[in-house]
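Visitor: The structure file start.pdb (PDB, C-alpha atoms) is provided below.
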```
ATOM      1  CA  MET T   1     -78.095  16.708  67.321
ATOM      2  CA  ASP T   2     -76.905  18.916  64.493
ATOM      3  CA  THR T   3     -73.386  18.848  65.893
ATOM      4  CA  GLN T   4     -73.402  15.059  65.963
ATOM      5  CA  ASN T   5     -74.555  14.868  62.282
ATOM      6  CA  THR T   6     -71.839  17.302  61.279
ATOM      7  CA  ILE T   7     -69.190  15.241  63.040
ATOM      8  CA  GLU T   8     -70.424  12.041  61.370
ATOM      9  CA  THR T   9     -70.422  13.731  57.938
ATOM     10  CA  ASP T  10     -66.893  15.009  58.421
ATOM     11  CA  ALA T  11     -65.761  11.560  59.477
ATOM     12  CA  THR T  12     -67.313  10.031  56.362
ATOM     13  CA  VAL T  13     -65.600  12.590  54.093
ATOM     14  CA  GLU T  14     -62.272  11.963  55.775
ATOM     15  CA  GLU T  15     -62.663   8.202  55.362
ATOM     16  CA  SER T  16     -63.477   8.639  51.632
ATOM     17  CA  SER T  17     -60.515  10.944  51.138
ATOM     18  CA  SER T  18     -58.211   8.547  52.957
ATOM     19  CA  PHE T  19     -59.459   5.657  50.825
ATOM     20  CA  LEU T  20     -58.933   7.555  47.568
ATOM     21  CA  ALA T  21     -55.480   8.715  48.687
ATOM     22  CA  ALA T  22     -54.523   5.129  49.564
ATOM     23  CA  ALA T  23     -55.831   3.899  46.215
ATOM     24  CA  PHE T  24     -53.830   6.519  44.273
ATOM     25  CA  ARG T  25     -50.695   5.685  46.256
ATOM     26  CA  GLU T  26     -51.229   1.971  45.565
ATOM     27  CA  ILE T  27     -51.546   2.602  41.816
ATOM     28  CA  PHE T  28     -48.885   5.219  41.187
ATOM     29  CA  TYR T  29     -46.222   3.988  43.596
ATOM     30  CA  SER T  30     -46.399   0.365  42.418
ATOM     31  CA  PRO T  31     -44.707  -0.270  39.033
ATOM     32  CA  MET T  32     -46.812  -3.371  38.391
ATOM     33  CA  ASN T  33     -50.107  -1.575  39.047
ATOM     34  CA  LEU T  34     -48.970   1.348  36.890
ATOM     35  CA  ALA T  35     -48.185  -1.040  34.028
ATOM     36  CA  LEU T  36     -51.597  -2.699  34.364
ATOM     37  CA  LEU T  37     -53.283   0.717  34.333
ATOM     38  CA  SER T  38     -51.406   1.636  31.135
ATOM     39  CA  ILE T  39     -52.539  -1.586  29.450
ATOM     40  CA  ILE T  40     -56.164  -0.971  30.460
ATOM     41  CA  VAL T  41     -56.060   2.594  29.110
ATOM     42  CA  PHE T  42     -54.559   1.378  25.819
ATOM     43  CA  LEU T  43     -57.217  -1.343  25.402
ATOM     44  CA  VAL T  44     -60.030   1.108  26.092
ATOM     45  CA  TYR T  45     -58.554   3.528  23.539
ATOM     46  CA  LYS T  46     -58.297   0.759  20.928
ATOM     47  CA  ILE T  47     -61.898  -0.346  21.474
ATOM     48  CA  VAL T  48     -63.188   3.219  21.161
ATOM     49  CA  ARG T  49     -61.077   3.852  18.044
ATOM     50  CA  ASP T  50     -62.248   0.646  16.324
ATOM     51  CA  ARG T  51     -65.875   1.465  17.041
ATOM     52  CA  THR T  52     -65.433   4.997  15.747
ATOM     53  CA  GLU T  53     -63.565   4.127  12.553
ATOM     54  CA  GLY T  54     -65.090   0.706  11.854
ATOM     55  CA  PRO T  55     -63.620  -1.935   9.524
ATOM     56  CA  GLY T  56     -65.145  -0.242   6.485
ATOM     57  CA  ALA T  57     -63.042   2.888   6.977
ATOM     58  CA  ARG T  58     -59.815   0.890   7.103
ATOM     59  CA  ASP T  59     -60.823  -1.153   4.032
ATOM     60  CA  LEU T  60     -61.671   2.059   2.162
ATOM     61  CA  SER T  61     -58.302   3.615   2.982
ATOM     62  CA  GLN T  62     -56.546   0.454   1.767
ATOM     63  CA  GLN T  63     -58.542   0.519  -1.486
ATOM     64  CA  GLN T  64     -57.705   4.185  -2.023
ATOM     65  CA  ALA T  65     -54.021   3.491  -1.491
ATOM     66  CA  GLU T  66     -53.931   0.782  -4.177
ATOM     67  CA  PRO T  67     -53.603   2.096  -7.758
ATOM     68  CA  GLU T  68     -56.431   1.179 -10.114
ATOM     69  CA  LEU T  69     -55.338  -1.343 -12.731
ATOM     70  CA  PRO T  70     -56.303  -0.988 -16.397
ATOM     71  CA  LYS T  71     -59.150  -3.229 -17.505
ATOM     72  CA  LEU T  72     -58.062  -6.593 -18.855
ATOM     73  CA  ARG T  73     -59.930  -8.174 -21.778
ATOM     74  CA  ARG T  74     -58.830 -11.603 -23.005
ATOM     75  CA  ASP T  75     -59.466 -15.326 -22.711
ATOM     76  CA  PHE T  76     -57.353 -17.674 -20.617
ATOM     77  CA  THR T  77     -56.347 -21.284 -20.493
ATOM     78  CA  ILE T  78     -55.989 -22.907 -17.076
ATOM     79  CA  LYS T  79     -52.196 -22.518 -17.223
ATOM     80  CA  GLU T  80     -52.373 -18.876 -18.369
ATOM     81  CA  LEU T  81     -54.717 -18.051 -15.501
ATOM     82  CA  ARG T  82     -52.473 -19.505 -12.791
ATOM     83  CA  PRO T  83     -50.016 -16.530 -12.417
ATOM     84  CA  TYR T  84     -52.845 -14.093 -11.593
ATOM     85  CA  ASP T  85     -53.001 -14.936  -7.895
ATOM     86  CA  GLY T  86     -52.096 -11.510  -6.510
ATOM     87  CA  ASN T  87     -48.440 -12.316  -5.900
ATOM     88  CA  GLN T  88     -47.210 -10.804  -9.178
ATOM     89  CA  PRO T  89     -45.934  -7.173  -9.277
ATOM     90  CA  ASP T  90     -49.252  -5.573 -10.282
ATOM     91  CA  GLY T  91     -51.200  -7.622  -7.704
ATOM     92  CA  ARG T  92     -54.074  -8.450 -10.067
ATOM     93  CA  VAL T  93     -56.304 -11.331  -8.947
ATOM     94  CA  LEU T  94     -58.395 -13.346 -11.411
ATOM     95  CA  VAL T  95     -60.873 -16.113 -10.627
ATOM     96  CA  ALA T  96     -62.767 -18.338 -13.068
ATOM     97  CA  VAL T  97     -66.356 -19.435 -12.384
ATOM     98  CA  ASN T  98     -68.524 -21.505 -14.721
ATOM     99  CA  GLY T  99     -66.257 -20.889 -17.711
ATOM    100  CA  ASN T 100     -66.014 -17.128 -17.154
ATOM    101  CA  VAL T 101     -62.970 -15.241 -15.843
ATOM    102  CA  TYR T 102     -63.473 -12.311 -13.480
ATOM    103  CA  ASP T 103     -61.115  -9.649 -12.148
ATOM    104  CA  VAL T 104     -61.609  -9.793  -8.371
ATOM    105  CA  THR T 105     -58.714  -7.482  -7.496
ATOM    106  CA  LYS T 106     -61.027  -5.106  -5.617
ATOM    107  CA  GLY T 107     -61.940  -8.060  -3.393
ATOM    108  CA  LYS T 108     -58.277  -8.758  -2.711
ATOM    109  CA  ARG T 109     -58.799  -8.976   1.043
ATOM    110  CA  PHE T 110     -60.840 -12.119   0.345
ATOM    111  CA  TYR T 111     -59.124 -13.644  -2.701
ATOM    112  CA  GLY T 112     -55.623 -12.170  -2.498
ATOM    113  CA  PRO T 113     -52.611 -13.509  -0.607
ATOM    114  CA  GLY T 114     -53.535 -14.221   2.997
ATOM    115  CA  GLY T 115     -57.269 -13.959   2.323
ATOM    116  CA  PRO T 116     -59.755 -16.663   3.358
ATOM    117  CA  TYR T 117     -60.311 -17.652  -0.293
ATOM    118  CA  ALA T 118     -56.770 -17.135  -1.576
ATOM    119  CA  THR T 119     -56.818 -20.705  -2.952
ATOM    120  CA  PHE T 120     -59.343 -19.543  -5.592
ATOM    121  CA  ALA T 121     -56.969 -16.924  -7.009
ATOM    122  CA  GLY T 122     -55.576 -17.716 -10.448
ATOM    123  CA  ARG T 123     -57.724 -20.847 -10.678
ATOM    124  CA  ASP T 124     -61.067 -22.222 -11.758
ATOM    125  CA  ALA T 125     -63.073 -22.011  -8.517
ATOM    126  CA  SER T 126     -66.245 -23.615  -9.929
ATOM    127  CA  ARG T 127     -65.792 -26.990  -8.255
ATOM    128  CA  ASN T 128     -64.733 -25.354  -4.981
ATOM    129  CA  LEU T 129     -67.864 -23.209  -4.905
ATOM    130  CA  ALA T 130     -70.093 -26.154  -5.789
ATOM    131  CA  THR T 131     -68.638 -28.386  -3.071
ATOM    132  CA  PHE T 132     -67.890 -25.701  -0.443
ATOM    133  CA  SER T 133     -64.184 -26.522  -0.495
ATOM    134  CA  VAL T 134     -61.247 -24.138  -0.079
ATOM    135  CA  VAL T 135     -58.646 -26.724  -1.128
ATOM    136  CA  ALA T 136     -56.704 -25.323  -4.097
ATOM    137  CA  ASN T 137     -57.691 -26.762  -7.484
ATOM    138  CA  GLU T 138     -54.336 -27.813  -8.931
ATOM    139  CA  LYS T 139     -55.701 -29.337 -12.155
ATOM    140  CA  ASP T 140     -53.883 -28.215 -15.305
ATOM    141  CA  GLU T 141     -56.722 -29.276 -17.611
ATOM    142  CA  TYR T 142     -60.156 -27.730 -18.158
ATOM    143  CA  ASP T 143     -62.725 -29.104 -15.720
ATOM    144  CA  ASP T 144     -66.080 -29.638 -17.458
ATOM    145  CA  LEU T 145     -67.825 -30.352 -14.116
ATOM    146  CA  SER T 146     -69.693 -33.223 -15.771
ATOM    147  CA  ASP T 147     -69.640 -35.293 -12.586
ATOM    148  CA  LEU T 148     -71.442 -32.674 -10.496
ATOM    149  CA  GLY T 149     -75.084 -33.071  -9.582
ATOM    150  CA  ALA T 150     -77.953 -30.759 -10.524
ATOM    151  CA  MET T 151     -77.930 -28.915  -7.176
ATOM    152  CA  GLU T 152     -74.174 -28.412  -7.362
ATOM    153  CA  MET T 153     -74.421 -26.981 -10.880
ATOM    154  CA  ASP T 154     -77.209 -24.666  -9.730
ATOM    155  CA  SER T 155     -74.843 -23.449  -7.022
ATOM    156  CA  VAL T 156     -72.115 -22.825  -9.623
ATOM    157  CA  ARG T 157     -74.508 -20.781 -11.772
ATOM    158  CA  ASP T 158     -75.659 -18.779  -8.759
ATOM    159  CA  TRP T 159     -72.064 -17.960  -7.863
ATOM    160  CA  ASP T 160     -71.392 -17.011 -11.481
ATOM    161  CA  MET T 161     -74.263 -14.522 -11.344
ATOM    162  CA  GLN T 162     -72.915 -13.024  -8.115
ATOM    163  CA  PHE T 163     -69.430 -12.612  -9.552
ATOM    164  CA  LYS T 164     -70.921 -11.096 -12.709
ATOM    165  CA  GLU T 165     -72.759  -8.459 -10.663
ATOM    166  CA  LYS T 166     -69.851  -7.579  -8.384
ATOM    167  CA  TYR T 167     -66.666  -7.919 -10.467
ATOM    168  CA  ASP T 168     -65.390  -7.051 -13.942
ATOM    169  CA  TYR T 169     -65.761  -9.738 -16.580
ATOM    170  CA  VAL T 170     -62.412 -10.433 -18.283
ATOM    171  CA  GLY T 171     -63.043 -13.267 -20.743
ATOM    172  CA  LYS T 172     -63.649 -16.974 -21.160
ATOM    173  CA  LEU T 173     -61.856 -19.885 -19.576
ATOM    174  CA  LEU T 174     -60.809 -21.838 -22.655
ATOM    175  CA  ARG T 175     -61.495 -25.526 -23.087
ATOM    176  CA  ASN T 176     -58.760 -27.790 -24.412
ATOM    177  CA  GLY T 177     -58.033 -26.781 -28.011
ATOM    178  CA  GLU T 178     -60.473 -23.840 -27.981
ATOM    179  CA  GLN T 179     -59.248 -20.687 -29.697
ATOM    180  CA  PRO T 180     -59.341 -17.338 -27.865
ATOM    181  CA  THR T 181     -61.774 -14.626 -28.926
ATOM    182  CA  ASP T 182     -60.529 -11.501 -30.697
ATOM    183  CA  TYR T 183     -61.935  -8.740 -28.486
ATOM    184  CA  ASP T 184     -60.406  -5.876 -30.475
ATOM    185  CA  ASN T 185     -63.486  -5.641 -32.705
ATOM    186  CA  GLU T 186     -65.982  -5.934 -29.864
ATOM    187  CA  ASN T 187     -68.453  -3.136 -29.060
ATOM    188  CA  ASP T 188     -67.682  -1.110 -25.936
ATOM    189  CA  ASP T 189     -71.198  -1.844 -24.622
ATOM    190  CA  ASP T 190     -70.352  -5.543 -24.420
ATOM    191  CA  ASP T 191     -67.073  -5.142 -22.506
ATOM    192  CA  ASP T 192     -68.472  -6.367 -19.212
ATOM    193  CA  VAL T 193     -70.912  -8.956 -20.579
ATOM    194  CA  PRO T 194     -70.074 -12.679 -20.835
ATOM    195  CA  PRO T 195     -70.299 -14.115 -24.379
ATOM    196  CA  VAL T 196     -73.720 -15.755 -24.039
ATOM    197  CA  ALA T 197     -75.352 -12.550 -22.801
ATOM    198  CA  ALA T 198     -73.588 -10.488 -25.482
ATOM    199  CA  ASP T 199     -74.804 -12.837 -28.240
ATOM    200  CA  ASP T 200     -78.391 -12.571 -26.962
ATOM    201  CA  LYS T 201     -78.118  -8.781 -26.986
ATOM    202  CA  LYS T 202     -76.884  -8.758 -30.592
ATOM    203  CA  LYS T 203     -79.734 -11.063 -31.654
ATOM    204  CA  ARG T 204     -82.298  -8.772 -30.040
ATOM    205  CA  LEU T 205     -80.808  -5.762 -31.849
ATOM    206  CA  GLU T 206     -80.860  -7.603 -35.188
ATOM    207  CA  TRP T 207     -84.495  -8.625 -34.629
ATOM    208  CA  TRP T 208     -85.467  -5.021 -33.757
ATOM    209  CA  LYS T 209     -83.731  -3.589 -36.843
ATOM    210  CA  ALA T 210     -85.451  -6.178 -39.076
TER     211      ALA T 210
END
```
When written as structure tokens, how does the structure in this file appear?
Guide:
Amino acid sequence: MDTQNTIETDATVEESSSFLAAAFREIFYSPMNLALLSIIVFLVYKIVRDRTEGPGARDLSQQQAEPELPKLRRDFTIKELRPYDGNQPDGRVLVAVNGNVYDVTKGKRFYGPGGPYATFAGRDASRNLATFSVVANEKDEYDDLSDLGAMEMDSVRDWDMQFKEKYDYVGKLLRNGEQPTDYDNENDDDDDVPPVAADDKKKRLEWWKA
């Protein structure tokens, strides 16, 4: 009985070895199968690498490679804003929301050339954000948004608050005939605060001193 079990076991091992040998011969002696194996190995490597590094690591390395631009502080007309779409030599990207201009260069992968919201770059994006449109706003005149409804204006203000928290405030988007602000005499504490908030802060300080 033991001899029979041993013979059966040996036969099983031989069959397994023969199968593996045939499989290896099929893979390594066939150019097509070898090419398919190479592709599979490459795809597995890429999946493992992407999971290990993650998109955040690649974005961080891209951000570190880009030089930090000096802070910009000035007001813009619609026409003056237009060149700041990320295609100029310094790559700066500006976007206007609710009358305020923000430097969104650090979000270039979204608003820069090739990004999903590249049509906002160098433009007043208020109407786009209110109407959920990514069609470029080609108007050359200031848009007062007077035809928007209450809910749409609430959406614009919400977006303005989000931009204010995430990006650097640059200045105002000037209405037709409006004169730019002289920021040279402005306090350093107010550099990143839109005009309305800065005025409120100054009033509170004046009230406290009184």
Visitor: Distance atom CA of T:Ala125-atom CA of T:Ala96, one decimal place?
Guide: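 For atom CA of T:Ala125 relative to atom CA of T:Ala96, the distance reads 5.9 Å.
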Visitor: Would you mind listing what lies within 9 Å of T:Glu178 as a ChimeraX atom specification, with all atoms listed in the file counted and same-chain residues fewer than 3 positions away left out?
Guide: /T:77,174-175
Visitor: Which residues, written as a compact mmCIF listing (two decimals) with C-alpha atoms, keeping the file's coordinate frame, have at least one atom at most 10 Å from T:Lys106, with all atoms listed in the file counted and residues fewer than 3 positions away on the same chain left out?
Guide:
```txt
# COMPACT_ATOMS: atom_id res chain seq x y z
CA GLN T 63 -58.54 0.52 -1.49
CA GLU T 66 -53.93 0.78 -4.18
CA GLU T 68 -56.43 1.18 -10.11
CA LEU T 69 -55.34 -1.34 -12.73
CA ARG T 92 -54.07 -8.45 -10.07
CA VAL T 93 -56.30 -11.33 -8.95
CA ASP T 103 -61.12 -9.65 -12.15
CA ARG T 109 -58.80 -8.98 1.04
CA PHE T 110 -60.84 -12.12 0.34
CA TYR T 111 -59.12 -13.64 -2.70
CA GLY T 112 -55.62 -12.17 -2.50
CA LYS T 166 -69.85 -7.58 -8.38
CA TYR T 167 -66.67 -7.92 -10.47
CA ASP T 168 -65.39 -7.05 -13.94
```
Visitor: Just the number, please: distance in Å from atom CA of T:Asp158 to atom CA of T:Ser126, one decimal.
Guide: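 The value is 10.6 Å.
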Visitor: Run through the PyMOL selection byres ((chain T and resi 138) around 10) on the given coordinates and return the selected residues as a VMD selection string.
Guide: chain T and resid 78 82 119 123 to 124 135 to 137 139 to 141
Visitor: Using Å and a single decimal, report how far atom CA of T:Tyr102 sits from atom CA of T:Asp184.
Guide: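 These two atoms are separated by 18.4 Å.
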Visitor: If we count only C-alpha atoms, what is near stretch 147-150 of chain T at a cut-off of 12 Å, once residues fewer than 2 positions away on the same chain are taken out, given as a PyMOL selection string?
Guide: chain T and resi 126-131+143-145+152-157
Visitor: Going by the chain IDs and residue numbers used in this file, which residues fall under the PyMOL selection byres ((chain T and resi 122) around 7)? Write them as a PyMOL selection string.
Guide: chain T and resi 81-85+93-95+120-121+123
Visitor: Give the answer as one residue: which of T:Asp182, T:Met151, T:Ser133, T:Val101 has the shortest atom-to-atom distance to T:Tyr169, using only C-alpha atoms?
Guide: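 Closest residue, counting only C-alpha atoms: T:Val101.
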Visitor: So which one's closest to T:Val170, T:Gly107, T:Gly99, T:Gly86, T:Gly115? Using all atoms listed in the file, please.
Guide: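 Nearest to T:Val170: T:Gly99.
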